[in-house]
Amino acid sequence: MLDIKLIREQPELVKAGIARRGDDPAIVDQILALDTRRRELLNQVETLKATRNAVSKEISKMKEPAARDAKIAEMRGVGEQIAALDHEVAEVEREWQLQMLLAPNLPHPDVPTGTSEHDNVVARTAGQPRAFDFTPKPHWELGEALDIIDFERGVKLSGTRFFVLKGAGARLQRALIAWMLDVHITQHG
């Protein structure tokens, strides 16, 4: 989630970053409008609460019952205003939170502008890509052929894009986890 302080202080930078991603920068204006409205409402609520507290102290010092009852009735109206404003603040806050969550992260300045993966630039390579004398299969085909991955059961258990490791696949994953823990414990304590 983006920092609201960044959005307030540098909205054009945020809009430019969102536009570079290919997303609609109008979300920044929506966020700022909701933020302004939220802050105004909170200011009104705090002002009314301060007024109510000050008048409550006055009421406790009043001797005349008629004047005290009039002030109490006046403060009931202020209390209703506060409740209504609190409700409105909650609605604006909910919408503001949603928009903040929908705002995408900004790309790093070094990231090239593009619309697809073909616009990416190779920053560096290590070694030579391996050349095969056959067409390599993707891991999902190999996993099913070796009977170490069960995609259908994973989808039934947890939904789309889930899988279940079984047999040697499950043992391999546990071995990798144990190895990672051993390496980090011995090297980093």
# chains A, B, ... in the order shown; residues from 1 in each chain; ligands from 1
>>> closest_atom_pairs(of="region 79-137 of chain A", to="region 32-56 of chain A", cutoff="9 Å", atoms="only C-alpha atoms", output="JSON lines")
{"residue": "A:Gly79", "atom": "CA", "partner": "A:Arg52", "partner_atom": "CA", "distance": 7.8}
{"residue": "A:Gln81", "atom": "CA", "partner": "A:Leu48", "partner_atom": "CA", "distance": 8.1}
{"residue": "A:Ile82", "atom": "CA", "partner": "A:Val45", "partner_atom": "CA", "distance": 5.8}
{"residue": "A:Ala83", "atom": "CA", "partner": "A:Val45", "partner_atom": "CA", "distance": 8.8}
{"residue": "A:Leu85", "atom": "CA", "partner": "A:Val45", "partner_atom": "CA", "distance": 6.5}
{"residue": "A:Asp86", "atom": "CA", "partner": "A:Val45", "partner_atom": "CA", "distance": 7.1}
{"residue": "A:Glu88", "atom": "CA", "partner": "A:Leu41", "partner_atom": "CA", "distance": 7.8}
{"residue": "A:Val89", "atom": "CA", "partner": "A:Arg38", "partner_atom": "CA", "distance": 6.1}
{"residue": "A:Ala90", "atom": "CA", "partner": "A:Arg38", "partner_atom": "CA", "distance": 8.8}
{"residue": "A:Val92", "atom": "CA", "partner": "A:Arg38", "partner_atom": "CA", "distance": 6.1}
{"residue": "A:Glu93", "atom": "CA", "partner": "A:Arg38", "partner_atom": "CA", "distance": 6.5}
{"residue": "A:Glu95", "atom": "CA", "partner": "A:Leu34", "partner_atom": "CA", "distance": 7.6}
{"residue": "A:Trp96", "atom": "CA", "partner": "A:Leu34", "partner_atom": "CA", "distance": 5.7}
{"residue": "A:Gln99", "atom": "CA", "partner": "A:Leu34", "partner_atom": "CA", "distance": 8.9}
>>> residues_around(residues="Met100 (chain A)", least_positions_apart="6", cutoff="8 Å", atoms="only C-alpha atoms", output="compact mmCIF listing (two decimals) with all heavy atoms, in the first residue's frame")
# COMPACT_ATOMS: atom_id res chain seq x y z
N MET A 1 0.85 -1.17 0.00
CA MET A 1 0.00 0.00 0.00
C MET A 1 0.90 1.24 0.00
O MET A 1 1.90 1.29 0.68
CB MET A 1 -0.90 -0.01 1.25
CG MET A 1 -1.85 1.16 1.26
SD MET A 1 -2.85 1.37 2.77
CE MET A 1 -3.77 -0.10 2.85
N LEU A 2 0.50 2.23 -0.78
CA LEU A 2 1.24 3.48 -0.85
C LEU A 2 1.04 4.29 0.42
O LEU A 2 0.00 4.18 1.07
CB LEU A 2 0.78 4.30 -2.06
CG LEU A 2 1.07 3.69 -3.42
CD1 LEU A 2 0.46 4.55 -4.52
CD2 LEU A 2 2.54 3.53 -3.64
N ILE A 31 -8.47 9.20 -4.22
CA ILE A 31 -7.90 9.03 -2.88
C ILE A 31 -7.76 10.38 -2.19
O ILE A 31 -8.10 10.53 -1.01
CB ILE A 31 -6.54 8.30 -2.96
CG1 ILE A 31 -6.76 6.84 -3.32
CG2 ILE A 31 -5.78 8.41 -1.64
CD1 ILE A 31 -5.49 6.09 -3.65
>>> select_by_dssp(residues="chain A", states="strand (DSSP E)", output="VMD selection string")
chain A and resid 149 to 150 164 to 165
>>> select_by_dssp(residues="region 38-167 of chain A", states="alpha helix (DSSP H)", output="ChimeraX atom specification")
/A:38-61,65-102,139-145,151-158
>>> atom_distance(atom1="CA of Ile185 (chain A)", atom2="CA of Ala168 (chain A)")
25.3 Å
>>> atom_distance(atom1="CA of Pro112 (chain A)", atom2="CA of Pro138 (chain A)")
28.3 Å
>>> residues_around(residues="Thr113 (chain A)", least_positions_apart="2", cutoff="8 Å", atoms="only C-alpha atoms", output="list in words")
Arg20, Arg21, Val111, Thr115 and Asp119 of chain A
>>> residues_around(residues="Thr160 (chain A)", least_positions_apart="6", cutoff="10 Å", atoms="only C-alpha atoms", output="VMD selection string")
chain A and resid 151 to 152 154
>>> atom_distance(atom1="CA of His108 (chain A)", atom2="CA of Asp24 (chain A)")
17.7 Å
>>> closest_atom_pairs(of="region 84-132 of chain A", to="region 12-15 of chain A", cutoff="12 Å", atoms="only C-alpha atoms", output="tab-separated table")
residue	atom	partner	partner_atom	distance
A:Ala103	CA	A:Val14	CA	9.8
A:Pro104	CA	A:Val14	CA	9.7
A:Asn105	CA	A:Val14	CA	9.1
A:Leu106	CA	A:Val14	CA	7.1
A:Pro107	CA	A:Val14	CA	9.9
A:His108	CA	A:Val14	CA	11.7
A:Pro109	CA	A:Leu13	CA	11.0
>>> residues_around(residues="Trp140 (chain A)", least_positions_apart="6", cutoff="10 Å", atoms="only C-alpha atoms", output="PyMOL selection string")
chain A and resi 146+148-151+163
